[in-house]
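This is start.tsv (TSV, C-alpha atoms).
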chain	number	residue	atom	x	y	z
A	1	MET	CA	-22.46	3.33	21.03
A	2	GLU	CA	-25.40	5.69	20.58
A	3	VAL	CA	-23.67	7.28	17.56
A	4	LEU	CA	-23.09	3.96	15.79
A	5	GLY	CA	-26.72	3.03	16.29
A	6	ASN	CA	-27.73	5.92	14.05
A	7	PHE	CA	-25.93	4.50	11.00
A	8	VAL	CA	-27.73	2.36	8.43
A	9	GLU	CA	-25.77	-0.13	6.28
A	10	LYS	CA	-25.21	2.45	3.53
A	11	ASP	CA	-23.65	4.78	6.10
A	12	TRP	CA	-21.17	2.09	7.14
A	13	TYR	CA	-19.74	1.97	3.62
A	14	LEU	CA	-19.74	5.75	3.31
A	15	LYS	CA	-18.32	6.60	6.74
A	16	PHE	CA	-16.20	3.54	7.54
A	17	ARG	CA	-15.55	2.05	4.06
A	18	MET	CA	-16.68	-1.42	5.16
A	19	PRO	CA	-19.83	-3.32	6.15
A	20	GLN	CA	-20.83	-3.54	9.78
A	21	ASP	CA	-19.91	-7.22	10.15
A	22	ALA	CA	-16.36	-6.55	8.91
A	23	PHE	CA	-16.13	-3.68	11.41
A	24	ARG	CA	-17.21	-5.96	14.28
A	25	LYS	CA	-14.63	-8.59	13.31
A	26	LEU	CA	-11.93	-5.91	13.18
A	27	CYS	CA	-12.89	-4.73	16.68
A	28	ASP	CA	-12.51	-8.27	18.01
A	29	GLN	CA	-9.03	-8.50	16.47
A	30	LEU	CA	-8.05	-5.16	18.01
A	31	ARG	CA	-9.31	-6.04	21.48
A	32	PRO	CA	-5.92	-7.36	22.74
A	33	TYR	CA	-4.22	-4.11	21.70
A	34	VAL	CA	-6.81	-1.52	22.78
A	35	ASN	CA	-7.66	-1.58	26.47
A	36	PRO	CA	-10.18	1.05	27.62
A	37	LYS	CA	-9.53	1.68	31.32
A	38	THR	CA	-12.01	2.78	33.94
A	39	THR	CA	-10.89	5.72	36.09
A	40	ASN	CA	-12.34	7.29	39.22
A	41	MET	CA	-13.55	10.21	37.14
A	42	LEU	CA	-14.99	8.78	33.91
A	43	ALA	CA	-16.20	5.54	32.36
A	44	PRO	CA	-13.96	4.43	29.48
A	45	VAL	CA	-14.86	5.05	25.87
A	46	PRO	CA	-16.00	1.64	24.54
A	47	LEU	CA	-13.71	-0.19	22.16
A	48	GLU	CA	-16.16	-0.09	19.24
A	49	LYS	CA	-16.52	3.67	19.60
A	50	ARG	CA	-12.73	4.09	19.69
A	51	VAL	CA	-12.29	2.11	16.50
A	52	ALA	CA	-15.21	3.86	14.79
A	53	LEU	CA	-13.99	7.40	15.45
A	54	THR	CA	-10.48	6.44	14.31
A	55	ILE	CA	-11.68	4.91	11.04
A	56	TYR	CA	-13.99	7.88	10.48
A	57	ARG	CA	-11.06	10.25	10.90
A	58	LEU	CA	-8.80	8.23	8.56
A	59	ALA	CA	-11.54	8.02	5.92
A	60	SER	CA	-12.66	11.65	6.02
A	61	ASN	CA	-9.55	13.58	7.12
A	62	VAL	CA	-11.82	16.00	9.01
A	63	GLU	CA	-10.45	18.03	11.90
A	64	PHE	CA	-9.97	16.33	15.25
A	65	HIS	CA	-12.49	18.58	16.97
A	66	ASP	CA	-15.15	17.69	14.36
A	67	VAL	CA	-14.63	13.98	15.01
A	68	ALA	CA	-14.75	14.60	18.76
A	69	ASN	CA	-18.02	16.53	18.45
A	70	LEU	CA	-19.62	13.85	16.29
A	71	PHE	CA	-18.79	11.11	18.79
A	72	GLY	CA	-19.52	13.22	21.87
A	73	ILE	CA	-16.09	13.26	23.52
A	74	GLY	CA	-13.37	15.84	24.17
A	75	THR	CA	-10.88	16.78	21.45
A	76	SER	CA	-7.81	15.74	23.44
A	77	THR	CA	-9.47	12.42	24.28
A	78	ALA	CA	-10.25	11.85	20.60
A	79	CYS	CA	-6.63	12.57	19.63
A	80	ASN	CA	-5.27	10.12	22.17
A	81	ILE	CA	-7.73	7.44	21.08
A	82	ILE	CA	-6.89	7.87	17.40
A	83	TRP	CA	-3.15	7.47	18.00
A	84	GLU	CA	-3.78	4.43	20.21
A	85	VAL	CA	-5.99	2.71	17.64
A	86	CYS	CA	-3.64	3.53	14.74
A	87	GLU	CA	-0.81	1.86	16.63
A	88	ALA	CA	-3.07	-1.10	17.36
A	89	LEU	CA	-4.07	-1.38	13.68
A	90	SER	CA	-0.40	-1.43	12.71
A	91	GLU	CA	-0.04	-4.50	14.96
A	92	LEU	CA	-2.46	-6.35	12.67
A	93	ARG	CA	0.04	-6.26	9.80
A	94	LYS	CA	0.97	-9.86	10.56
A	95	ILE	CA	-2.62	-10.82	9.73
A	96	TYR	CA	-3.44	-8.52	6.84
A	97	VAL	CA	-0.09	-7.56	5.25
A	98	LYS	CA	1.93	-10.66	4.50
A	99	ARG	CA	3.74	-12.12	1.54
A	100	SER	CA	3.16	-15.53	-0.02
A	101	LYS	CA	5.23	-17.96	2.03
A	102	SER	CA	3.96	-21.25	0.60
A	103	VAL	CA	4.23	-22.67	-2.89
A	104	PRO	CA	0.41	-22.96	-3.34
A	105	GLU	CA	-0.09	-19.30	-2.35
A	106	LEU	CA	2.65	-18.13	-4.68
A	107	THR	CA	1.45	-20.16	-7.65
A	108	SER	CA	-2.08	-18.84	-7.07
A	109	HIS	CA	-0.85	-15.24	-7.34
A	110	ILE	CA	1.24	-16.08	-10.40
A	111	ALA	CA	-1.78	-17.67	-12.09
A	112	GLY	CA	-3.92	-14.65	-11.18
A	113	PHE	CA	-1.53	-12.16	-12.76
A	114	GLU	CA	-1.08	-14.25	-15.91
A	115	ARG	CA	-4.83	-14.73	-16.27
A	116	LYS	CA	-5.48	-10.97	-15.97
A	117	THR	CA	-2.49	-9.55	-17.84
A	118	GLY	CA	-0.72	-12.30	-19.80
A	119	PHE	CA	2.56	-11.68	-17.96
A	120	PRO	CA	4.06	-15.01	-16.80
A	121	MET	CA	5.63	-15.74	-13.41
A	122	CYS	CA	4.57	-12.35	-11.99
A	123	VAL	CA	3.71	-12.38	-8.30
A	124	GLY	CA	3.52	-8.63	-7.60
A	125	ALA	CA	3.75	-5.07	-8.92
A	126	LEU	CA	6.09	-2.60	-7.20
A	127	ASP	CA	6.12	1.20	-7.08
A	128	GLY	CA	6.16	4.18	-4.74
A	129	THR	CA	4.03	7.22	-4.03
A	130	HIS	CA	4.31	10.39	-1.95
A	131	ILE	CA	2.23	10.93	1.19
A	132	PRO	CA	1.81	14.70	1.81
A	133	ILE	CA	2.75	15.92	5.31
A	134	ILE	CA	3.26	19.22	7.11
A	135	ALA	CA	6.84	20.48	7.24
A	136	PRO	CA	8.62	18.74	10.14
A	137	GLN	CA	10.35	20.91	12.72
A	138	SER	CA	13.53	18.83	12.50
A	139	TYR	CA	15.39	18.64	9.16
A	140	PRO	CA	12.46	19.82	7.02
A	141	THR	CA	14.53	19.92	3.83
A	142	ASP	CA	14.90	16.13	4.01
A	143	TYR	CA	11.18	15.86	3.38
A	144	TYR	CA	10.92	18.46	0.57
A	145	ASN	CA	10.31	16.58	-2.66
A	146	ARG	CA	10.91	17.46	-6.29
A	147	LYS	CA	7.26	18.40	-6.75
A	148	GLY	CA	7.64	21.28	-4.33
A	149	TRP	CA	5.94	20.03	-1.18
A	150	TYR	CA	6.74	18.01	1.94
A	151	SER	CA	6.15	14.28	1.94
A	152	VAL	CA	7.21	10.82	2.98
A	153	VAL	CA	7.51	8.05	0.42
A	154	LEU	CA	5.49	4.84	0.55
A	155	GLN	CA	6.72	1.86	-1.44
A	156	GLY	CA	4.19	-0.89	-2.03
A	157	LEU	CA	4.25	-4.39	-3.51
A	158	VAL	CA	0.74	-5.53	-4.46
A	159	ASP	CA	-0.75	-8.71	-5.87
A	160	HIS	CA	-3.35	-9.09	-8.63
A	161	THR	CA	-6.16	-8.45	-6.12
A	162	TYR	CA	-4.75	-4.99	-5.21
A	163	ARG	CA	-3.69	-6.13	-1.74
A	164	ARG	CA	-0.35	-5.08	-0.30
A	165	SER	CA	1.98	-7.92	0.62
A	166	SER	CA	5.00	-5.74	1.45
A	167	TRP	CA	5.54	-2.05	2.07
A	168	THR	CA	8.26	0.38	3.13
A	169	LEU	CA	7.79	3.94	4.39
A	170	MET	CA	10.77	6.27	4.00
A	171	LEU	CA	10.67	9.05	6.60
A	172	GLY	CA	12.95	11.67	5.13
A	173	GLY	CA	16.47	11.41	3.81
A	174	LEU	CA	17.55	10.29	0.35
A	175	GLU	CA	15.84	13.34	-1.14
A	176	SER	CA	12.69	11.96	0.51
A	177	ALA	CA	12.11	10.44	-2.58
A	178	MET	CA	13.59	8.42	-5.23
A	179	THR	CA	11.69	5.17	-5.46
A	180	HIS	CA	14.81	3.15	-6.25
A	181	ASN	CA	16.53	4.59	-3.15
A	182	VAL	CA	13.61	3.54	-0.98
A	183	PHE	CA	13.76	0.08	-2.51
A	184	GLU	CA	17.49	-0.30	-1.91
A	185	CYS	CA	16.96	0.47	1.80
A	186	SER	CA	14.03	-1.89	2.15
A	187	HIS	CA	13.53	-5.27	3.74
A	188	LEU	CA	12.14	-6.44	0.39
A	189	CYS	CA	15.42	-5.66	-1.39
A	190	ARG	CA	17.49	-7.56	1.16
A	191	LYS	CA	15.20	-10.57	1.03
A	192	LEU	CA	15.25	-10.66	-2.76
A	193	GLU	CA	19.04	-10.44	-2.80
A	194	ASP	CA	19.48	-13.38	-0.44
A	195	GLY	CA	16.76	-15.40	-2.16
A	196	THR	CA	14.45	-15.72	0.84
A	197	PHE	CA	11.49	-13.52	-0.11
A	198	PHE	CA	9.76	-16.10	-2.32
A	199	PRO	CA	9.46	-19.88	-2.07
A	200	PRO	CA	11.58	-21.65	-4.72
A	201	VAL	CA	9.11	-21.72	-7.63
A	202	THR	CA	10.44	-21.64	-11.19
A	203	ARG	CA	9.21	-22.23	-14.74
A	204	THR	CA	11.15	-22.92	-17.91
A	205	ILE	CA	10.20	-20.48	-20.67
A	206	GLN	CA	12.02	-20.44	-24.01
A	207	GLY	CA	14.70	-22.63	-22.47
A	208	VAL	CA	15.37	-20.22	-19.57
A	209	ASN	CA	14.67	-21.09	-15.94
A	210	ILE	CA	12.56	-18.17	-14.63
A	211	PRO	CA	11.88	-17.54	-10.91
A	212	ALA	CA	8.97	-15.65	-9.34
A	213	LEU	CA	9.06	-12.08	-10.67
A	214	ILE	CA	8.10	-8.58	-9.60
A	215	VAL	CA	7.19	-6.02	-12.26
A	216	ALA	CA	8.21	-2.37	-11.86
A	217	ASP	CA	8.71	0.78	-13.90
A	218	SER	CA	11.92	2.25	-15.26
A	219	ALA	CA	12.90	3.76	-11.89
A	220	TYR	CA	14.06	0.34	-10.74
A	221	SER	CA	17.06	-1.72	-11.79
A	222	LEU	CA	16.63	-4.87	-13.85
A	223	THR	CA	17.44	-7.96	-11.77
A	224	SER	CA	16.65	-11.66	-11.91
A	225	ASN	CA	13.55	-11.00	-9.76
A	226	ILE	CA	12.53	-7.54	-11.01
A	227	MET	CA	11.42	-6.97	-14.58
A	228	LYS	CA	11.26	-3.43	-15.96
A	229	PRO	CA	10.33	-2.06	-19.39
A	230	PHE	CA	12.64	-1.37	-22.28
A	231	PRO	CA	13.23	2.35	-22.96
A	232	ASP	CA	10.42	4.25	-24.66
A	233	GLY	CA	10.37	4.05	-28.42
A	234	VAL	CA	11.08	0.35	-28.88
A	235	ARG	CA	9.06	-1.45	-31.53
A	236	GLY	CA	8.09	-4.97	-32.48
A	237	PRO	CA	8.46	-7.79	-29.93
A	238	ARG	CA	9.91	-5.53	-27.24
A	239	ALA	CA	6.99	-3.11	-27.57
A	240	ALA	CA	4.58	-6.02	-27.02
A	241	TYR	CA	6.56	-6.97	-23.89
A	242	ASN	CA	6.36	-3.37	-22.61
A	243	ALA	CA	2.59	-3.32	-23.13
A	244	CYS	CA	2.15	-6.61	-21.28
A	245	LEU	CA	4.36	-5.46	-18.40
A	246	SER	CA	2.39	-2.20	-18.22
A	247	ARG	CA	-0.87	-4.16	-17.79
A	248	ALA	CA	0.70	-5.86	-14.79
A	249	CYS	CA	2.33	-2.71	-13.36
A	250	ILE	CA	-0.94	-0.79	-13.39
A	251	HIS	CA	-2.17	-2.93	-10.49
A	252	VAL	CA	0.05	-1.03	-8.06
A	253	GLU	CA	-1.18	2.31	-9.43
A	254	HIS	CA	-4.78	1.20	-8.96
A	255	ALA	CA	-3.94	-0.01	-5.45
A	256	PHE	CA	-2.48	3.39	-4.53
A	257	GLY	CA	-5.61	5.02	-5.95
A	258	ARG	CA	-7.88	2.81	-3.87
A	259	LEU	CA	-5.73	3.30	-0.75
A	260	LYS	CA	-5.81	7.08	-1.00
A	261	GLY	CA	-9.41	7.21	-2.20
A	262	ARG	CA	-10.70	5.28	0.79
A	263	TRP	CA	-8.40	6.83	3.39
A	264	ARG	CA	-8.34	10.57	2.66
A	265	CYS	CA	-5.90	11.31	5.48
A	266	ILE	CA	-3.06	10.13	3.21
A	267	MET	CA	-4.45	11.56	-0.03
A	268	LYS	CA	-4.58	15.10	1.36
A	269	ARG	CA	-1.93	16.64	3.60
A	270	ASN	CA	-1.46	14.61	6.75
A	271	ASP	CA	-1.20	16.93	9.75
A	272	SER	CA	0.09	14.25	12.11
A	273	GLU	CA	3.46	14.62	13.79
A	274	THR	CA	6.17	13.00	11.71
A	275	LYS	CA	6.80	10.33	14.34
A	276	ARG	CA	3.13	9.31	14.11
A	277	VAL	CA	2.88	9.23	10.32
A	278	LYS	CA	4.22	5.67	10.08
A	279	HIS	CA	1.42	4.39	12.35
A	280	VAL	CA	-1.23	6.32	10.39
A	281	VAL	CA	0.02	4.93	7.07
A	282	ALA	CA	0.32	1.41	8.50
A	283	ALA	CA	-3.25	1.64	9.80
A	284	CYS	CA	-4.51	2.74	6.38
A	285	ILE	CA	-2.70	-0.14	4.66
A	286	VAL	CA	-4.22	-2.67	7.07
A	287	LEU	CA	-7.69	-1.18	6.52
A	288	HIS	CA	-7.14	-1.18	2.74
A	289	ASN	CA	-6.38	-4.91	2.83
A	290	VAL	CA	-9.38	-5.52	5.09
A	291	CYS	CA	-11.62	-3.90	2.47
A	292	GLU	CA	-10.04	-5.81	-0.42
A	293	MET	CA	-10.24	-9.14	1.43
A	294	GLN	CA	-13.92	-8.43	2.14
A	295	ASN	CA	-14.43	-7.63	-1.57
A	296	VAL	CA	-15.82	-4.23	-0.62
A	297	ALA	CA	-16.75	-2.48	-3.85
A	298	TYR	CA	-14.62	0.56	-4.55
A	299	GLN	CA	-16.35	3.54	-6.15
A	300	GLU	CA	-14.24	6.41	-7.44
A	301	THR	CA	-15.97	9.77	-7.19
A	302	GLN	CA	-15.41	12.73	-9.45
A	303	GLU	CA	-13.86	14.81	-6.69
A	304	GLU	CA	-11.06	12.27	-6.15
A	305	MET	CA	-7.82	13.06	-7.91
A	306	PHE	CA	-5.19	10.43	-7.31
A	307	GLU	CA	-1.53	11.27	-7.52
A	308	GLN	CA	0.27	8.85	-9.75
A	309	PRO	CA	3.15	6.90	-8.20
A	310	GLU	CA	6.45	8.71	-8.39
A	311	ALA	CA	8.76	7.61	-11.19
A	312	GLY	CA	12.40	8.47	-10.75
A	313	PRO	CA	15.07	8.63	-13.46
A	314	GLN	CA	15.69	5.45	-15.38
A	315	GLN	CA	18.28	3.15	-13.91
A	316	GLN	CA	20.66	2.04	-16.60
A	317	GLY	CA	22.38	-0.74	-14.69
A	318	ALA	CA	25.65	-2.37	-15.64
A	319	LEU	CA	24.30	-5.65	-16.99
A	320	ASP	CA	25.97	-7.32	-19.95
A	321	ASP	CA	23.94	-8.93	-22.71
A	322	PHE	CA	24.40	-12.38	-21.16
A	323	SER	CA	23.38	-11.49	-17.61
A	324	PRO	CA	20.70	-13.73	-16.03
A	325	ALA	CA	18.30	-10.77	-15.76
A	326	LYS	CA	18.60	-9.93	-19.45
A	327	ARG	CA	18.26	-13.56	-20.50
A	328	ILE	CA	15.07	-13.78	-18.44
A	329	ARG	CA	13.67	-10.63	-20.01
A	330	GLU	CA	14.46	-11.75	-23.56
A	331	ALA	CA	12.81	-15.12	-22.86
A	332	LEU	CA	9.72	-13.27	-21.69
A	333	VAL	CA	9.77	-11.12	-24.83
A	334	ALA	CA	9.81	-14.25	-27.01
A	335	HIS	CA	7.10	-15.96	-24.93
A	336	ILE	CA	4.74	-12.97	-24.88
A	337	ASN	CA	5.03	-12.57	-28.64
A	338	THR	CA	4.08	-16.20	-29.23
A	339	LEU	CA	0.76	-15.37	-27.57
A	340	GLN	CA	0.00	-12.40	-29.80

Would you mind writing the file out in structure tokens?
Amino acid sequence: MEVLGNFVEKDWYLKFRMPQDAFRKLCDQLRPYVNPKTTNMLAPVPLEKRVALTIYRLASNVEFHDVANLFGIGTSTACNIIWEVCEALSELRKIYVKRSKSVPELTSHIAGFERKTGFPMCVGALDGTHIPIIAPQSYPTDYYNRKGWYSVVLQGLVDHTYRRSSWTLMLGGLESAMTHNVFECSHLCRKLEDGTFFPPVTRTIQGVNIPALIVADSAYSLTSNIMKPFPDGVRGPRAAYNACLSRACIHVEHAFGRLKGRWRCIMKRNDSETKRVKHVVAACIVLHNVCEMQNVAYQETQEEMFEQPEAGPQQQGALDDFSPAKRIREALVAHINTLQ
């Protein structure tokens, strides 16, 4: 703990992206999952030090040996600790990454989105982004994306406070990459299809019964729960709808920017083994939500360049003009234009 004692409060935000009290609370929550063991040879590395060096590594993306030197332990020991704590952090998803399961929670998110963007019945914004990785030894072409580098794809659903409530990580396959393919393979898609992802909350707008909605870009298909924009070039009422939807969609882009800006290990190339990437990403998502729930101010620096979420080709769909999804969208068009 001698290293942590050298940090003032400003250092905690800079090195660990959170205040010291939030760090202590996180350590207490990780205690059941991280168990330093005493051996005949060495005393165990304390829990707080294990968590600190892991968060420092995720935030800075420095080399393992540099982290080990800073915290005064061996490189191999630091590596083992980091993987252990990342797996432990991923276990906290049930606390920090969860969807709205009650009507009051859902209506609160809906009200938040409408207050900020004017888009009614929106509970989340959905999109995907690439996480750079080294070329895997097995089936590397599955991870080679259209931009010319190796990656896995992270799909995120975020609320109006930039917190993730659902996420899917696609490890290779499906061209490593089309956001709509990731969605179709996701738990979120299955839950939306069987009507169990959201509590049964509806609102009548322009004579149409409208359920809780997710906003997304043109890479996704239009459904009764997912609203997407009209093709570029529309004018009049539909253009106003597109602008309103864009104000809601941008929340997921900002969330990806904050996620990668705080946790540099997923903004720059992640050198972890492919099998460990999912735990690293999960850990970063948990830590992102910790920061957002603690209202930790996010400051973008000039050196940070955030990759925009990947947009695949537009999905045309086979909906007729009287489909429920199209009726919902046209009702939203009419409603949004009454507010202009």

Please report as a tab-separated table every residue of stretch 25-138 of chain A lying within 10 Å of stretch 328-335 of chain A, along with the nearest atom pair and their distance in Å (one decimal), using all atoms listed in the file.
residue	atom	partner	partner_atom	distance
A:Phe119	CA	A:Leu332	CA	8.2
A:Pro120	CA	A:Leu332	CA	7.7
A:Met121	CA	A:Leu332	CA	9.6

Requested write-out: C-alpha atoms of the selected residues, as an mmCIF file, keeping the file's coordinate frame:
data_model
loop_
_atom_site.group_PDB
_atom_site.id
_atom_site.type_symbol
_atom_site.label_atom_id
_atom_site.label_comp_id
_atom_site.auth_asym_id
_atom_site.auth_seq_id
_atom_site.Cartn_x
_atom_site.Cartn_y
_atom_site.Cartn_z
ATOM 1 C CA PHE A 119 2.560 -11.680 -17.960
ATOM 2 C CA PRO A 120 4.060 -15.010 -16.800
ATOM 3 C CA MET A 121 5.630 -15.740 -13.410
#

Cut-off 12 Å: closest stretch 204-280 of chain A/stretch 53-56 of chain A atom pairs per residue, using all atoms listed in the file, as JSON lines:
{"residue": "A:Arg262", "atom": "CA", "partner": "A:Ile55", "partner_atom": "CA", "distance": 10.3}
{"residue": "A:Trp263", "atom": "CA", "partner": "A:Ile55", "partner_atom": "CA", "distance": 8.5}
{"residue": "A:Arg264", "atom": "CA", "partner": "A:Tyr56", "partner_atom": "CA", "distance": 10.0}
{"residue": "A:Cys265", "atom": "CA", "partner": "A:Tyr56", "partner_atom": "CA", "distance": 10.1}
{"residue": "A:Val280", "atom": "CA", "partner": "A:Thr54", "partner_atom": "CA", "distance": 10.0}

Proximity to A:Cys189 - best of A:Ile133, A:Ala78, A:Leu126, A:Val45, all atoms listed in the file: A:Leu126

Polymer residues at most 9 Å from A:Lys10, all atoms listed in the file, same-chain spacing of 4 or more positions, as a list in words: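 My reading of the contact set: Leu14, Lys15 and Pro19 of chain A.
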
Interatomic distance, atom CA of A:Glu9 to atom CA of A:Arg50 (Å, one decimal):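 Interatomic distance, atom CA of A:Glu9 to atom CA of A:Arg50: 19.2 Å.
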
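Residue nearest A:Asp159 within the list A:Glu105, A:Asp66, A:Asp217, A:Glu87: A:Glu105 [criterion: smallest interatomic distance, only C-alpha atoms].
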
Minimum-distance residue to A:Val158, chosen among A:Glu193, A:Glu253, A:Glu48, A:Asp21 (using all atoms listed in the file):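 Going through A:Glu193, A:Glu253, A:Glu48, A:Asp21 one by one, the smallest distance to A:Val158 is for A:Glu253.
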
For A:Leu213: contacts at 12 Å, all atoms listed in the file, fewer than 3 positions along chain excluded, given as a PyMOL selection string: chain A and resi 106-107+109-110+113-114+119-126+157+159+192+195+197-203+209-210+216+222-228+245+248-249+325+328-329+332

Minimum-distance residue to A:His251, chosen among A:Asp28, A:Asp11, A:Asp127, A:Glu91 (using all atoms listed in the file):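 Using all atoms listed in the file, the shortest distance to A:His251 belongs to A:Asp127.
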
d(atom CA of A:Glu292, atom CA of A:His187) in Å: 23.9 Å

Nearest candidate to A:Ala282 (options A:Ala59, A:Val67, A:Val103, A:Leu89; using only C-alpha atoms): A:Leu89

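Among the candidates A:Arg17, A:Ile250, A:Ile214, A:Ser102, the residue lying nearest to A:Tyr298 is A:Arg17 (atoms considered: only C-alpha atoms).
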
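Here atom CA of A:Arg164 stands at a distance of 16.2 Å from atom CA of A:His130.
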
Near-A:Leu92 list (9 Å; only C-alpha atoms; drop same-chain fewer than 2 positions) as a list in words: Gln29, Leu30, Ala88, Leu89, Ser90, Lys94, Ile95, Tyr96, Val97, Ala283 and Val286 of chain A

Is it possible to add N, CA and C atoms to stretch 70-88 of chain A and hand it back as a PDB file, in the frame of the given file?
ATOM      1  N   LEU A  70     -18.716  14.847  16.852  1.00  0.00           N
ATOM      2  CA  LEU A  70     -19.620  13.850  16.290  1.00  0.00           C
ATOM      3  C   LEU A  70     -19.821  12.678  17.253  1.00  0.00           C
ATOM      4  N   PHE A  71     -18.716  12.279  17.911  1.00  0.00           N
ATOM      5  CA  PHE A  71     -18.790  11.110  18.790  1.00  0.00           C
ATOM      6  C   PHE A  71     -18.990  11.485  20.262  1.00  0.00           C
ATOM      7  N   GLY A  72     -19.145  12.787  20.536  1.00  0.00           N
ATOM      8  CA  GLY A  72     -19.520  13.220  21.870  1.00  0.00           C
ATOM      9  C   GLY A  72     -18.439  13.067  22.922  1.00  0.00           C
ATOM     10  N   ILE A  73     -17.181  13.328  22.545  1.00  0.00           N
ATOM     11  CA  ILE A  73     -16.090  13.260  23.520  1.00  0.00           C
ATOM     12  C   ILE A  73     -15.205  14.497  23.342  1.00  0.00           C
ATOM     13  N   GLY A  74     -14.264  14.697  24.252  1.00  0.00           N
ATOM     14  CA  GLY A  74     -13.370  15.840  24.170  1.00  0.00           C
ATOM     15  C   GLY A  74     -12.342  15.678  23.049  1.00  0.00           C
ATOM     16  N   THR A  75     -11.846  16.806  22.564  1.00  0.00           N
ATOM     17  CA  THR A  75     -10.880  16.780  21.450  1.00  0.00           C
ATOM     18  C   THR A  75      -9.596  16.068  21.845  1.00  0.00           C
ATOM     19  N   SER A  76      -9.051  16.378  23.017  1.00  0.00           N
ATOM     20  CA  SER A  76      -7.810  15.740  23.440  1.00  0.00           C
ATOM     21  C   SER A  76      -7.999  14.235  23.621  1.00  0.00           C
ATOM     22  N   THR A  77      -9.172  13.843  24.135  1.00  0.00           N
ATOM     23  CA  THR A  77      -9.470  12.420  24.280  1.00  0.00           C
ATOM     24  C   THR A  77      -9.529  11.741  22.916  1.00  0.00           C
ATOM     25  N   ALA A  78     -10.163  12.401  21.955  1.00  0.00           N
ATOM     26  CA  ALA A  78     -10.250  11.850  20.600  1.00  0.00           C
ATOM     27  C   ALA A  78      -8.873  11.673  19.984  1.00  0.00           C
ATOM     28  N   CYS A  79      -8.001  12.662  20.167  1.00  0.00           N
ATOM     29  CA  CYS A  79      -6.630  12.570  19.630  1.00  0.00           C
ATOM     30  C   CYS A  79      -5.900  11.370  20.211  1.00  0.00           C
ATOM     31  N   ASN A  80      -5.964  11.232  21.521  1.00  0.00           N
ATOM     32  CA  ASN A  80      -5.270  10.120  22.170  1.00  0.00           C
ATOM     33  C   ASN A  80      -5.803   8.766  21.692  1.00  0.00           C
ATOM     34  N   ILE A  81      -7.120   8.687  21.542  1.00  0.00           N
ATOM     35  CA  ILE A  81      -7.730   7.440  21.080  1.00  0.00           C
ATOM     36  C   ILE A  81      -7.279   7.106  19.663  1.00  0.00           C
ATOM     37  N   ILE A  82      -7.271   8.097  18.798  1.00  0.00           N
ATOM     38  CA  ILE A  82      -6.890   7.870  17.400  1.00  0.00           C
ATOM     39  C   ILE A  82      -5.459   7.353  17.299  1.00  0.00           C
ATOM     40  N   TRP A  83      -4.540   7.952  18.059  1.00  0.00           N
ATOM     41  CA  TRP A  83      -3.150   7.470  18.000  1.00  0.00           C
ATOM     42  C   TRP A  83      -3.061   6.049  18.559  1.00  0.00           C
ATOM     43  N   GLU A  84      -3.804   5.773  19.622  1.00  0.00           N
ATOM     44  CA  GLU A  84      -3.780   4.430  20.210  1.00  0.00           C
ATOM     45  C   GLU A  84      -4.293   3.386  19.219  1.00  0.00           C
ATOM     46  N   VAL A  85      -5.399   3.683  18.555  1.00  0.00           N
ATOM     47  CA  VAL A  85      -5.990   2.710  17.640  1.00  0.00           C
ATOM     48  C   VAL A  85      -5.143   2.554  16.376  1.00  0.00           C
ATOM     49  N   CYS A  86      -4.540   3.643  15.903  1.00  0.00           N
ATOM     50  CA  CYS A  86      -3.640   3.530  14.740  1.00  0.00           C
ATOM     51  C   CYS A  86      -2.467   2.604  15.045  1.00  0.00           C
ATOM     52  N   GLU A  87      -1.895   2.755  16.231  1.00  0.00           N
ATOM     53  CA  GLU A  87      -0.810   1.860  16.630  1.00  0.00           C
ATOM     54  C   GLU A  87      -1.303   0.419  16.736  1.00  0.00           C
ATOM     55  N   ALA A  88      -2.504   0.250  17.250  1.00  0.00           N
ATOM     56  CA  ALA A  88      -3.070  -1.100  17.360  1.00  0.00           C
ATOM     57  C   ALA A  88      -3.322  -1.698  15.980  1.00  0.00           C
TER      58      ALA A  88
END
